[in-house]
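Engineer: You'll find data-v6.cif just under this line, and it carries mmCIF, C-alpha atoms and all ligand atoms.
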data_entry
loop_
_atom_site.label_atom_id
_atom_site.label_comp_id
_atom_site.auth_asym_id
_atom_site.auth_seq_id
_atom_site.Cartn_x
_atom_site.Cartn_y
_atom_site.Cartn_z
CA MET U 940 4.66 7.63 21.21
CA ASP U 941 8.28 6.44 21.26
CA THR U 942 9.88 7.83 18.13
CA GLN U 943 13.38 6.59 18.87
CA LEU U 944 13.08 3.65 16.47
CA ALA U 945 15.82 3.46 13.85
CA ARG U 946 14.68 5.09 10.64
CA VAL U 947 16.26 6.07 7.34
CA SER U 948 14.88 8.82 5.12
CA LEU U 949 13.31 7.59 1.89
CA ALA U 950 10.03 9.48 1.61
CA ASN U 951 9.12 13.12 0.99
CA LEU U 952 7.02 13.81 4.08
CA PRO U 953 4.46 14.94 4.87
CA THR U 954 2.72 13.82 1.69
CA PRO U 955 0.13 16.34 0.46
CA LEU U 956 -3.44 16.30 1.70
CA GLU U 957 -5.51 17.65 -1.20
CA HIS U 958 -9.14 18.58 -1.62
CA LEU U 959 -10.73 17.31 -4.86
CA PRO U 960 -13.28 20.03 -5.72
CA ARG U 961 -14.45 18.75 -9.10
CA LEU U 962 -14.91 15.16 -7.95
CA SER U 963 -16.60 16.38 -4.77
CA LYS U 964 -19.16 18.25 -6.84
CA LEU U 965 -19.68 15.33 -9.20
CA LEU U 966 -20.16 12.78 -6.41
CA GLY U 967 -22.05 15.01 -3.97
CA VAL U 968 -19.65 14.52 -1.04
CA GLU U 969 -16.63 16.47 0.21
CA LEU U 970 -13.65 14.49 -1.00
CA TRP U 971 -9.97 14.68 -0.01
CA ILE U 972 -7.03 12.59 -1.07
CA LYS U 973 -3.87 11.70 0.88
CA ARG U 974 -1.10 11.58 -1.69
CA ASP U 975 1.11 8.67 -0.65
CA ASP U 976 1.63 8.12 -4.36
CA LEU U 977 3.97 11.11 -3.93
CA THR U 978 6.31 9.58 -1.32
CA GLY U 979 8.77 9.86 -4.19
CA LEU U 980 10.85 6.67 -4.08
CA ALA U 981 11.23 5.53 -7.71
CA THR U 982 7.75 7.05 -8.30
CA GLY U 983 6.42 6.48 -4.76
CA GLY U 984 3.77 4.49 -2.94
CA ASN U 985 2.88 3.17 0.49
CA LYS U 986 5.76 0.73 0.89
CA THR U 987 8.21 3.62 1.19
CA ARG U 988 6.99 4.54 4.68
CA LYS U 989 7.43 0.93 5.81
CA LEU U 990 10.87 0.70 4.21
CA GLU U 991 12.14 3.67 6.20
CA PHE U 992 11.97 1.41 9.27
CA LEU U 993 12.72 -1.93 7.59
CA ILE U 994 15.88 -0.72 5.85
CA ALA U 995 17.02 0.98 9.06
CA ASP U 996 16.60 -2.35 10.87
CA ALA U 997 18.50 -4.13 8.10
CA LEU U 998 21.37 -1.63 8.33
CA GLU U 999 21.51 -2.02 12.13
CA GLN U 1000 21.96 -5.74 11.55
CA GLN U 1001 24.77 -4.95 9.11
CA VAL U 1002 23.33 -6.99 6.26
CA ASP U 1003 24.61 -6.75 2.70
CA CYS U 1004 21.55 -7.85 0.74
CA VAL U 1005 17.76 -7.87 1.03
CA ILE U 1006 15.25 -10.42 -0.19
CA THR U 1007 11.55 -9.81 -0.63
CA ALA U 1008 8.65 -11.12 -2.70
CA GLY U 1009 5.49 -10.06 -4.49
CA GLY U 1010 3.50 -10.29 -7.69
CA SER U 1011 5.01 -9.59 -11.10
CA GLN U 1012 3.81 -5.96 -10.91
CA SER U 1013 4.56 -5.55 -7.20
CA ASN U 1014 4.88 -1.94 -6.07
CA HIS U 1015 6.46 -3.22 -2.87
CA CYS U 1016 9.22 -4.96 -4.81
CA ARG U 1017 9.87 -1.87 -6.94
CA GLN U 1018 10.17 0.37 -3.86
CA THR U 1019 12.33 -2.20 -2.05
CA ALA U 1020 14.67 -2.39 -5.06
CA ALA U 1021 15.00 1.42 -5.02
CA ALA U 1022 15.57 1.58 -1.25
CA ALA U 1023 18.19 -1.18 -1.47
CA ALA U 1024 19.95 0.63 -4.31
CA LYS U 1025 20.03 3.84 -2.30
CA PHE U 1026 21.82 2.09 0.57
CA GLY U 1027 24.12 -0.04 -1.56
CA LEU U 1028 22.39 -3.32 -0.70
CA GLU U 1029 22.01 -6.08 -3.27
CA CYS U 1030 18.30 -6.81 -3.84
CA HIS U 1031 16.67 -10.15 -4.64
CA LEU U 1032 13.03 -10.16 -5.69
CA VAL U 1033 11.00 -13.37 -5.65
CA LEU U 1034 8.11 -12.82 -8.04
CA GLY U 1035 5.08 -15.07 -8.39
CA GLY U 1036 4.42 -16.39 -11.88
CA GLU U 1037 6.47 -16.76 -15.01
CA THR U 1038 8.82 -14.44 -16.86
CA GLN U 1039 6.94 -11.38 -18.11
CA PRO U 1040 7.83 -8.64 -20.58
CA PRO U 1041 9.70 -5.79 -18.83
CA LEU U 1042 6.81 -3.34 -18.48
CA GLY U 1043 5.61 -1.17 -15.61
CA ASN U 1044 7.09 -2.07 -12.24
CA LEU U 1045 9.00 -5.01 -13.69
CA LEU U 1046 10.89 -2.66 -15.98
CA LEU U 1047 11.68 -0.44 -12.99
CA ASP U 1048 12.85 -3.44 -10.89
CA GLN U 1049 15.35 -4.25 -13.62
CA ILE U 1050 16.55 -0.67 -14.04
CA LEU U 1051 17.00 -0.51 -10.26
CA GLY U 1052 19.36 -3.46 -10.47
CA ALA U 1053 17.30 -6.08 -8.65
CA GLN U 1054 17.90 -9.79 -9.27
CA ILE U 1055 14.63 -11.46 -10.16
CA HIS U 1056 13.61 -15.02 -9.27
CA TRP U 1057 10.37 -16.38 -10.73
CA VAL U 1058 8.48 -19.05 -8.76
CA ALA U 1059 4.90 -20.29 -8.42
CA LYS U 1060 2.89 -17.84 -6.30
CA THR U 1061 2.48 -20.40 -3.49
CA GLU U 1062 6.26 -20.99 -3.36
CA ARG U 1063 7.32 -17.41 -2.72
CA ASN U 1064 7.92 -17.72 1.05
CA ASN U 1065 9.81 -21.01 0.66
CA LYS U 1066 11.94 -19.52 -2.07
CA MET U 1067 12.82 -16.50 0.08
CA GLN U 1068 14.03 -18.82 2.89
CA GLN U 1069 15.93 -20.98 0.43
CA LEU U 1070 17.62 -17.93 -1.10
CA ALA U 1071 18.52 -16.62 2.35
CA GLN U 1072 20.18 -19.94 3.24
CA GLN U 1073 21.99 -20.07 -0.07
CA LEU U 1074 23.32 -16.53 0.33
CA GLN U 1075 24.38 -17.24 3.92
CA GLY U 1076 26.24 -20.29 2.63
CA GLU U 1077 28.12 -17.95 0.30
CA GLY U 1078 29.16 -15.82 3.26
CA ARG U 1079 26.57 -13.10 2.62
CA ARG U 1080 24.32 -11.42 5.20
CA PRO U 1081 20.75 -11.40 3.83
CA TYR U 1082 17.73 -9.64 5.36
CA VAL U 1083 14.31 -11.02 4.47
CA ILE U 1084 11.48 -8.50 4.19
CA PRO U 1085 8.07 -10.23 4.26
CA ILE U 1086 5.63 -9.80 1.37
CA GLY U 1087 4.37 -6.23 1.39
CA GLY U 1088 6.79 -5.32 4.20
CA SER U 1089 3.88 -6.20 6.48
CA ASN U 1090 5.40 -6.92 9.86
CA ALA U 1091 5.37 -4.72 12.96
CA ILE U 1092 8.48 -2.79 11.91
CA GLY U 1093 6.89 -1.89 8.57
CA ALA U 1094 3.52 -1.09 10.15
CA VAL U 1095 5.17 1.54 12.36
CA GLY U 1096 5.49 3.63 9.20
CA TYR U 1097 1.71 3.74 8.90
CA VAL U 1098 1.08 4.50 12.56
CA GLN U 1099 3.16 7.60 12.00
CA ALA U 1100 1.41 8.25 8.69
CA PHE U 1101 -1.92 8.47 10.48
CA VAL U 1102 -0.52 10.87 13.03
CA GLU U 1103 0.81 12.94 10.10
CA LEU U 1104 -2.66 13.00 8.51
CA GLN U 1105 -4.35 13.94 11.80
CA GLN U 1106 -1.99 16.90 12.16
CA GLN U 1107 -2.85 18.05 8.63
CA LEU U 1108 -6.58 17.68 9.30
CA ASP U 1109 -6.33 19.56 12.59
CA ALA U 1110 -4.30 22.35 11.02
CA ALA U 1111 -6.95 22.78 8.31
CA SER U 1112 -9.90 22.25 10.72
CA ILE U 1113 -11.26 19.34 8.70
CA ALA U 1114 -13.23 16.55 10.41
CA ILE U 1115 -13.29 13.47 8.17
CA ASP U 1116 -16.24 11.07 8.41
CA HIS U 1117 -14.85 8.18 6.36
CA ILE U 1118 -11.42 7.05 5.18
CA TYR U 1119 -11.03 4.38 2.46
CA PHE U 1120 -7.83 2.61 1.40
CA PRO U 1121 -6.89 -0.72 -0.22
CA THR U 1122 -5.55 -3.65 1.83
CA SER U 1123 -3.69 -6.77 0.78
CA SER U 1124 -0.85 -7.96 3.00
CA GLY U 1125 -2.33 -5.90 5.86
CA GLY U 1126 0.63 -3.90 7.17
CA THR U 1127 -0.75 -0.57 6.00
CA GLN U 1128 -4.06 -1.41 7.65
CA ALA U 1129 -2.40 -2.52 10.91
CA GLY U 1130 -0.55 0.79 11.11
CA LEU U 1131 -3.49 2.98 10.13
CA VAL U 1132 -5.94 1.33 12.54
CA LEU U 1133 -3.50 1.67 15.42
CA GLY U 1134 -2.58 5.20 14.35
CA ALA U 1135 -6.26 6.19 14.20
CA LYS U 1136 -6.76 4.98 17.77
CA ALA U 1137 -3.63 6.74 18.96
CA ALA U 1138 -4.71 9.97 17.24
CA GLY U 1139 -8.27 9.74 18.59
CA PHE U 1140 -9.77 9.72 15.08
CA ALA U 1141 -13.56 9.82 15.32
CA GLY U 1142 -14.51 8.74 11.78
CA SER U 1143 -14.66 5.32 10.14
CA LEU U 1144 -11.66 3.64 8.51
CA THR U 1145 -12.49 1.08 5.83
CA ALA U 1146 -10.00 -1.26 4.19
CA VAL U 1147 -11.06 -2.34 0.70
CA SER U 1148 -9.96 -5.93 0.21
CA ILE U 1149 -7.89 -6.35 -2.95
CA ASP U 1150 -7.43 -10.11 -2.57
CA VAL U 1151 -8.35 -11.09 1.00
CA GLU U 1152 -11.31 -13.49 0.93
CA PRO U 1153 -14.46 -12.50 2.85
CA ASN U 1154 -14.13 -12.91 6.62
CA ASP U 1155 -10.68 -14.51 6.45
CA GLN U 1156 -10.21 -14.80 10.22
CA ALA U 1157 -6.51 -15.66 9.92
CA PHE U 1158 -5.93 -12.38 8.06
CA LEU U 1159 -7.86 -10.34 10.63
CA ASP U 1160 -5.96 -12.01 13.48
CA GLU U 1161 -2.66 -11.36 11.73
CA VAL U 1162 -3.41 -7.66 11.13
CA SER U 1163 -4.37 -7.21 14.81
CA ASP U 1164 -1.23 -9.06 15.95
CA VAL U 1165 0.98 -6.90 13.76
CA ALA U 1166 -0.77 -3.75 15.03
CA ASN U 1167 -0.30 -4.82 18.66
CA GLN U 1168 3.38 -5.65 18.14
CA ALA U 1169 3.80 -2.21 16.56
CA ALA U 1170 2.02 -0.68 19.58
CA ALA U 1171 4.50 -2.42 21.89
CA MET U 1172 7.44 -1.17 19.82
CA LEU U 1173 6.10 2.38 19.95
CA GLY U 1174 5.23 2.25 23.66
CA LEU U 1175 1.54 2.84 22.90
CA SER U 1176 -1.05 1.47 25.31
CA HIS U 1177 -3.73 1.11 22.60
CA ARG U 1178 -4.64 -2.37 21.41
CA VAL U 1179 -6.30 -3.52 18.18
CA ALA U 1180 -8.76 -6.43 18.02
CA PRO U 1181 -10.00 -8.19 14.87
CA ALA U 1182 -13.42 -6.63 15.47
CA ASP U 1183 -11.83 -3.17 15.08
CA LEU U 1184 -11.03 -3.92 11.44
CA GLN U 1185 -13.67 -2.58 9.08
CA MET U 1186 -13.40 -4.41 5.78
CA ASP U 1187 -15.06 -4.04 2.40
CA PHE U 1188 -15.11 -7.48 0.76
CA ASP U 1189 -17.64 -6.51 -1.90
CA HIS U 1190 -15.32 -5.32 -4.66
CA LEU U 1191 -13.03 -8.29 -5.26
CA GLY U 1192 -14.06 -8.39 -8.91
CA GLY U 1193 -12.13 -10.88 -10.98
CA GLY U 1194 -9.46 -11.37 -8.29
CA TYR U 1195 -5.96 -10.02 -7.74
CA GLY U 1196 -4.58 -8.07 -10.67
CA VAL U 1197 -7.70 -8.40 -12.82
CA VAL U 1198 -8.81 -5.01 -14.13
CA GLY U 1199 -12.58 -4.91 -14.59
CA GLN U 1200 -15.21 -2.26 -15.17
CA LEU U 1201 -15.01 -0.95 -11.58
CA GLU U 1202 -11.25 -0.30 -11.75
CA ARG U 1203 -11.36 1.05 -15.32
CA GLU U 1204 -14.08 3.53 -14.52
CA ALA U 1205 -12.46 4.67 -11.27
CA ILE U 1206 -9.10 5.26 -12.97
CA ARG U 1207 -10.74 7.27 -15.77
CA LEU U 1208 -12.96 9.25 -13.40
CA MET U 1209 -10.06 10.35 -11.17
CA ALA U 1210 -7.77 11.09 -14.11
CA GLU U 1211 -10.31 13.01 -16.22
CA THR U 1212 -11.80 14.96 -13.31
CA GLU U 1213 -8.78 15.77 -11.17
CA GLY U 1214 -5.68 14.93 -13.21
CA VAL U 1215 -4.56 12.34 -10.64
CA LEU U 1216 -3.38 8.91 -11.75
CA LEU U 1217 -4.66 5.82 -9.95
CA GLY U 1218 -3.20 2.36 -10.59
CA PRO U 1219 -4.71 -0.83 -12.00
CA VAL U 1220 -4.34 -3.33 -9.14
CA TYR U 1221 -4.88 -1.46 -5.85
CA SER U 1222 -5.97 2.14 -6.10
CA GLY U 1223 -8.34 1.63 -9.04
CA ARG U 1224 -10.20 -0.97 -6.99
CA GLY U 1225 -9.94 0.90 -3.69
CA PHE U 1226 -11.24 4.14 -5.12
CA GLY U 1227 -13.82 2.30 -7.24
CA ALA U 1228 -15.20 0.74 -4.06
CA LEU U 1229 -15.50 4.17 -2.45
CA VAL U 1230 -17.31 5.59 -5.49
CA ASP U 1231 -19.71 2.65 -5.38
CA ARG U 1232 -20.45 3.29 -1.65
CA ILE U 1233 -21.16 6.95 -2.42
CA ARG U 1234 -23.38 6.26 -5.43
CA SER U 1235 -25.34 3.59 -3.55
CA GLY U 1236 -25.98 6.02 -0.69
CA GLN U 1237 -24.08 4.08 1.98
CA ILE U 1238 -22.00 7.22 2.29
CA ALA U 1239 -24.47 10.09 2.57
CA ALA U 1240 -24.50 13.28 0.50
CA GLY U 1241 -22.31 15.98 1.97
CA GLU U 1242 -20.22 13.67 4.16
CA ARG U 1243 -16.49 14.31 4.34
CA VAL U 1244 -14.53 11.47 2.83
CA LEU U 1245 -10.81 10.82 2.38
CA TYR U 1246 -9.27 8.39 -0.08
CA TRP U 1247 -5.75 7.29 0.88
CA HIS U 1248 -3.81 6.98 -2.37
CA THR U 1249 -1.23 4.20 -1.86
CA GLY U 1250 0.51 4.79 -5.20
CA ASP U 1251 0.59 2.27 -8.04
CA GLU U 1252 0.31 4.25 -11.26
CA SER U 1253 3.75 2.87 -12.22
CA ALA U 1254 1.97 -0.41 -13.04
CA LEU U 1255 -0.39 1.23 -15.57
CA HIS U 1256 1.79 0.58 -18.60
CA ALA U 1257 1.72 -3.17 -17.93
CA TYR U 1258 -2.10 -3.09 -18.02
CA SER U 1259 -2.70 -0.75 -20.93
CA ALA U 1260 -5.01 -3.10 -22.84
CA GLU U 1261 -7.17 -3.81 -19.78
CA VAL U 1262 -7.26 -0.18 -18.67
CA LEU U 1263 -8.33 1.00 -22.14
CA ALA U 1264 -10.64 -1.92 -22.94
CA GLU U 1265 -13.91 -0.06 -22.46
CA SER U 1266 -13.07 3.09 -24.35
CA GLU U 1267 -11.86 1.03 -27.29
CA SER U 1268 -15.14 -0.83 -27.58
CA ASN U 1269 -17.14 2.43 -27.34
C1 LIG G 1301 0.94 -3.04 -1.26
C2 LIG G 1301 -0.08 -2.06 -1.69
C3 LIG G 1301 -1.30 -1.91 -0.99
C4 LIG G 1301 -1.67 -2.76 0.16
O1 LIG G 1301 -0.88 -2.51 1.30
P1 LIG G 1301 -0.65 -3.69 2.32
O2 LIG G 1301 0.12 -3.08 3.40
O3 LIG G 1301 0.08 -4.76 1.55
O4 LIG G 1301 -1.98 -4.21 2.73
C5 LIG G 1301 -2.18 -0.94 -1.41
N1 LIG G 1301 -1.91 -0.17 -2.46
C6 LIG G 1301 -0.77 -0.30 -3.16
C7 LIG G 1301 -0.56 0.60 -4.32
C8 LIG G 1301 0.18 -1.24 -2.82
O5 LIG G 1301 1.30 -1.36 -3.52
#
Let me see whether you can do it: turn the structure in this file into structure tokens.
Ligand SMILES: *Cc1c(COP(=O)(O)O)cnc(C)c1O

Structural biologist:
Amino acid sequence: MDTQLARVSLANLPTPLEHLPRLSKLLGVELWIKRDDLTGLATGGNKTRKLEFLIADALEQQVDCVITAGGSQSNHCRQTAAAAAKFGLECHLVLGGETQPPLGNLLLDQILGAQIHWVAKTERNNKMQQLAQQLQGEGRRPYVIPIGGSNAIGAVGYVQAFVELQQQLDAASIAIDHIYFPTSSGGTQAGLVLGAKAAGFAGSLTAVSIDVEPNDQAFLDEVSDVANQAAAMLGLSHRVAPADLQMDFDHLGGGYGVVGQLEREAIRLMAETEGVLLGPVYSGRGFGALVDRIRSGQIAAGERVLYWHTGDESALHAYSAEVLAESESN
């Protein structure tokens, strides 16, 4: 694999691979967790690995500001704001929706000095282009990072993340049967699926859809395209096809950002049993889906399972009522 690509250092790597003994016993499987919540950039999360390559590309192009977009509680936006601050780049965040109280990630975006632009969710890409033109007109040099940092440059971070995991598994002589992680803009998935092929991973790799509709062919095509562009950048001969993407579309619940029983229970289970914080939008749902697969027997007793924690506990404070709803009514 060509590792000459420009990269800045933002993450504490390798992130820990931890066994979860109490949850393993409770669920009747052998459970591990990959702690990408501990990448460490203004709390951490999966976007940090992508930003190591995206910010390096931005710096090579000698830009002076970055523009990206997401939801009001976007972890991607929070990590981008932190990365931009670290390299002295002005940061513009285009957030879908209307002005919200400064809680959770939105509070952190503001502390990190980002300039926030609220638009309708469907207008985010247009607004990013419009802002870029406006800034160029003012003599600035903007760099637009797509939603979630999910292009080939960002995905490279997750190809390398899988190789990192495989080295940890090999060193500890662990053979994992199933990996679960949440997917939304698809860049993490593109990188992991390619990385798994490159590393010769023999188990299954399932992406739990957070907001992708069942069998959205355009999404599957896009993830494979991004993976194949990343393969070309890295000089890998492996190719990813839409059929390689294993998706779980069964845990969409109330839609993006809606915390329901599945997420609430998963967050409480992980926290009370292992002292690890999951988040309300992504990891609560992703881990909840995995727990459901185990309890329903689709993952057999004793199998070795890994949950890839993508890091979103910084959003918890913005969802306190929803996260606590059940225990309050008990
Ligand atoms: C963005 C995000 C994801 C999804 O990653 P994509 O690359 O956008 O698919 C999963 N978990 C968390 C915590 C995220 O912030």

Engineer: Once you count all atoms listed in the file, which residues end up no further than 12 Å from (27.6, -13.0, 1.8) in the file's frame, shown as a list in words?

Structural biologist: Gln1001, Val1002, Asp1003, Cys1004, Val1005, Leu1028, Glu1029, Leu1070, Ala1071, Gln1072, Gln1073, Leu1074, Gln1075, Gly1076, Glu1077, Gly1078, Arg1079, Arg1080, Pro1081 and Tyr1082 of chain U

Engineer: Write out as a list in words the residues lying within 9 Å of U:Gly1088, counting only C-alpha atoms and excluding same-chain residues fewer than 6 positions away.

Structural biologist: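 In the requested form, the answer reads Lys986, Lys989, Leu990, Leu993, Thr1007, His1015, Thr1019, Ala1094, Ser1124 and Gly1126 of chain U.
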
Engineer: Please dump the current selection as an mmCIF file, in the coordinates of the input; keep C-alpha atoms.

Structural biologist:
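The new file result14.cif reads:
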data_model
loop_
_atom_site.group_PDB
_atom_site.id
_atom_site.type_symbol
_atom_site.label_atom_id
_atom_site.label_comp_id
_atom_site.auth_asym_id
_atom_site.auth_seq_id
_atom_site.Cartn_x
_atom_site.Cartn_y
_atom_site.Cartn_z
ATOM 1 C CA LYS U 986 5.760 0.730 0.890
ATOM 2 C CA LYS U 989 7.430 0.930 5.810
ATOM 3 C CA LEU U 990 10.870 0.700 4.210
ATOM 4 C CA LEU U 993 12.720 -1.930 7.590
ATOM 5 C CA THR U 1007 11.550 -9.810 -0.630
ATOM 6 C CA HIS U 1015 6.460 -3.220 -2.870
ATOM 7 C CA THR U 1019 12.330 -2.200 -2.050
ATOM 8 C CA ALA U 1094 3.520 -1.090 10.150
ATOM 9 C CA SER U 1124 -0.850 -7.960 3.000
ATOM 10 C CA GLY U 1126 0.630 -3.900 7.170
#

Engineer: Enter the distance from atom CA of U:Val1162 to atom CA of U:Gln1128, in Å, rounded to one decimal.

Structural biologist: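 Atom CA of U:Val1162 sits 7.2 Å away from atom CA of U:Gln1128.
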
Engineer: What are the closest atom pairs, with distances in Å to one decimal, for each residue of chain U lying within 8 Å of ligand LIG 1301 (chain G), using all atoms listed in the file, rows by chain and rising residue number, as JSON lines?

Structural biologist:
{"residue": "U:Asp976", "atom": "CA", "partner": "G:LIG1301", "partner_atom": "C7", "distance": 7.8}
{"residue": "U:Gly984", "atom": "CA", "partner": "G:LIG1301", "partner_atom": "C7", "distance": 6.0}
{"residue": "U:Asn985", "atom": "CA", "partner": "G:LIG1301", "partner_atom": "C8", "distance": 6.1}
{"residue": "U:Lys986", "atom": "CA", "partner": "G:LIG1301", "partner_atom": "C1", "distance": 6.5}
{"residue": "U:Ser1013", "atom": "CA", "partner": "G:LIG1301", "partner_atom": "O5", "distance": 6.5}
{"residue": "U:Asn1014", "atom": "CA", "partner": "G:LIG1301", "partner_atom": "O5", "distance": 4.4}
{"residue": "U:His1015", "atom": "CA", "partner": "G:LIG1301", "partner_atom": "O5", "distance": 5.5}
{"residue": "U:Ile1086", "atom": "CA", "partner": "G:LIG1301", "partner_atom": "O3", "distance": 7.5}
{"residue": "U:Gly1087", "atom": "CA", "partner": "G:LIG1301", "partner_atom": "O3", "distance": 4.5}
{"residue": "U:Gly1088", "atom": "CA", "partner": "G:LIG1301", "partner_atom": "O2", "distance": 7.1}
{"residue": "U:Ser1089", "atom": "CA", "partner": "G:LIG1301", "partner_atom": "O2", "distance": 5.8}
{"residue": "U:Ala1094", "atom": "CA", "partner": "G:LIG1301", "partner_atom": "O2", "distance": 7.8}
{"residue": "U:Phe1120", "atom": "CA", "partner": "G:LIG1301", "partner_atom": "C5", "distance": 7.2}
{"residue": "U:Pro1121", "atom": "CA", "partner": "G:LIG1301", "partner_atom": "C5", "distance": 4.9}
{"residue": "U:Thr1122", "atom": "CA", "partner": "G:LIG1301", "partner_atom": "O4", "distance": 3.7}
{"residue": "U:Ser1123", "atom": "CA", "partner": "G:LIG1301", "partner_atom": "O4", "distance": 3.6}
{"residue": "U:Ser1124", "atom": "CA", "partner": "G:LIG1301", "partner_atom": "O3", "distance": 3.6}
{"residue": "U:Gly1125", "atom": "CA", "partner": "G:LIG1301", "partner_atom": "O4", "distance": 3.6}
{"residue": "U:Gly1126", "atom": "CA", "partner": "G:LIG1301", "partner_atom": "O2", "distance": 3.9}
{"residue": "U:Thr1127", "atom": "CA", "partner": "G:LIG1301", "partner_atom": "O2", "distance": 3.7}
{"residue": "U:Gln1128", "atom": "CA", "partner": "G:LIG1301", "partner_atom": "O4", "distance": 6.0}
{"residue": "U:Ala1129", "atom": "CA", "partner": "G:LIG1301", "partner_atom": "O2", "distance": 7.9}
{"residue": "U:Ile1149", "atom": "CA", "partner": "G:LIG1301", "partner_atom": "C4", "distance": 7.8}
{"residue": "U:Gly1218", "atom": "CA", "partner": "G:LIG1301", "partner_atom": "C7", "distance": 7.0}
{"residue": "U:Val1220", "atom": "CA", "partner": "G:LIG1301", "partner_atom": "C7", "distance": 7.3}
{"residue": "U:Tyr1221", "atom": "CA", "partner": "G:LIG1301", "partner_atom": "N1", "distance": 4.7}
{"residue": "U:Ser1222", "atom": "CA", "partner": "G:LIG1301", "partner_atom": "C7", "distance": 5.9}
{"residue": "U:His1248", "atom": "CA", "partner": "G:LIG1301", "partner_atom": "N1", "distance": 7.4}
{"residue": "U:Thr1249", "atom": "CA", "partner": "G:LIG1301", "partner_atom": "C7", "distance": 4.4}
{"residue": "U:Gly1250", "atom": "CA", "partner": "G:LIG1301", "partner_atom": "C7", "distance": 4.4}
{"residue": "U:Asp1251", "atom": "CA", "partner": "G:LIG1301", "partner_atom": "C7", "distance": 4.2}
{"residue": "U:Glu1252", "atom": "CA", "partner": "G:LIG1301", "partner_atom": "C7", "distance": 7.9}

Engineer: If we count all atoms listed in the file, what is near U:Ala1254 at a cut-off of 7 Å, once residues fewer than 6 positions away on the same chain are taken out, given as a PyMOL selection string?

Structural biologist: chain U and resi 1012+1043-1044+1218-1219

Engineer: Tell me which of U:Ala1240, U:Ile1115, U:Ala995, U:Val1215 sits closest to U:Ala1135, counting only C-alpha atoms.

Structural biologist: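 Of U:Ala1240, U:Ile1115, U:Ala995, U:Val1215, the one nearest U:Ala1135 is U:Ile1115, counting only C-alpha atoms.
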
Engineer: If we count all atoms listed in the file, what is near stretch 978-980 of chain U at a cut-off of 9 Å, once residues fewer than 5 positions away on the same chain are taken out, given as a list in words?

Structural biologist: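 Neighbouring residues, sequence-local ones excluded: Leu949, Ala950, Asn951, Leu952, Pro953, Thr954, Asn985, Thr987, Arg988, Gln1018, Ala1021, Ala1022 and Gly1250 of chain U.
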
Engineer: Go through U:Val1198, U:Leu1104, U:Gln1069, U:Val1132 one by one, measure the shortest atom-to-atom distance of each to U:Trp1247 using all atoms listed in the file, and give the residue with the smallest value.

Structural biologist: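 Using all atoms listed in the file, the shortest distance to U:Trp1247 belongs to U:Leu1104.
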
Engineer: If I put a ball of radius 6 Å at (-3.6, 10.2, 16.0) in the file's coordinates, which residues poke into it when counting only C-alpha atoms, written as a list in words?

Structural biologist: Val1102, Gln1105, Gly1134, Ala1135, Ala1137, Ala1138 and Gly1139 of chain U

Engineer: Enter the distance from atom CA of U:Cys1030 to atom CA of U:Ile1006, in Å, rounded to one decimal.

Structural biologist: 6.0 Å

Engineer: Between U:Arg1207, U:Arg1243, U:Arg946, U:His1256, single out the one closest to U:Ile1113, counting only C-alpha atoms.

Structural biologist: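 Using only C-alpha atoms, U:Ile1113 sits closest to U:Arg1243.
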
Engineer: I need the residue nearest U:Ala1141 from this list: U:His1117, U:Ala945, U:Asn1154, U:Asp1160. Use only C-alpha atoms for the distance.

Structural biologist: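 When distances to U:Ala1141 are compared using only C-alpha atoms, the smallest one comes from U:His1117.
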
Engineer: Find the residues near stretch 1225-1231 of chain U: any atom within 9 Å, counting only C-alpha atoms, skip ones fewer than 3 places away on the same chain, and give them as an MDAnalysis selection string.

Structural biologist: chainID U and resid 966 1119:1122 1146:1149 1187 1189:1190 1201:1206 1209 1217 1220:1222 1234:1238 1246:1248

Engineer: Can you work out which one of U:Ile1055, U:Leu1175, U:Val1244, U:Ala1157 has the shortest atom-to-atom distance to U:Thr1145, counting only C-alpha atoms?

Structural biologist: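 For U:Thr1145, the nearest of the given residues is U:Val1244.
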
Engineer: If I take atom CA of U:Leu977 and atom CA of U:Val1197, how far is one from the other in Å, to one decimal?

Structural biologist: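 Separation of atom CA of U:Leu977 and atom CA of U:Val1197: 24.4 Å.
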
Engineer: With all atoms listed in the file as the atoms that count, which of U:Ile994, U:Leu970, U:Ile1233, U:Leu1133 lies nearest to U:Gly1093?

Structural biologist: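 Looking only at the distances to U:Gly1093, the closest residue turns out to be U:Ile994.
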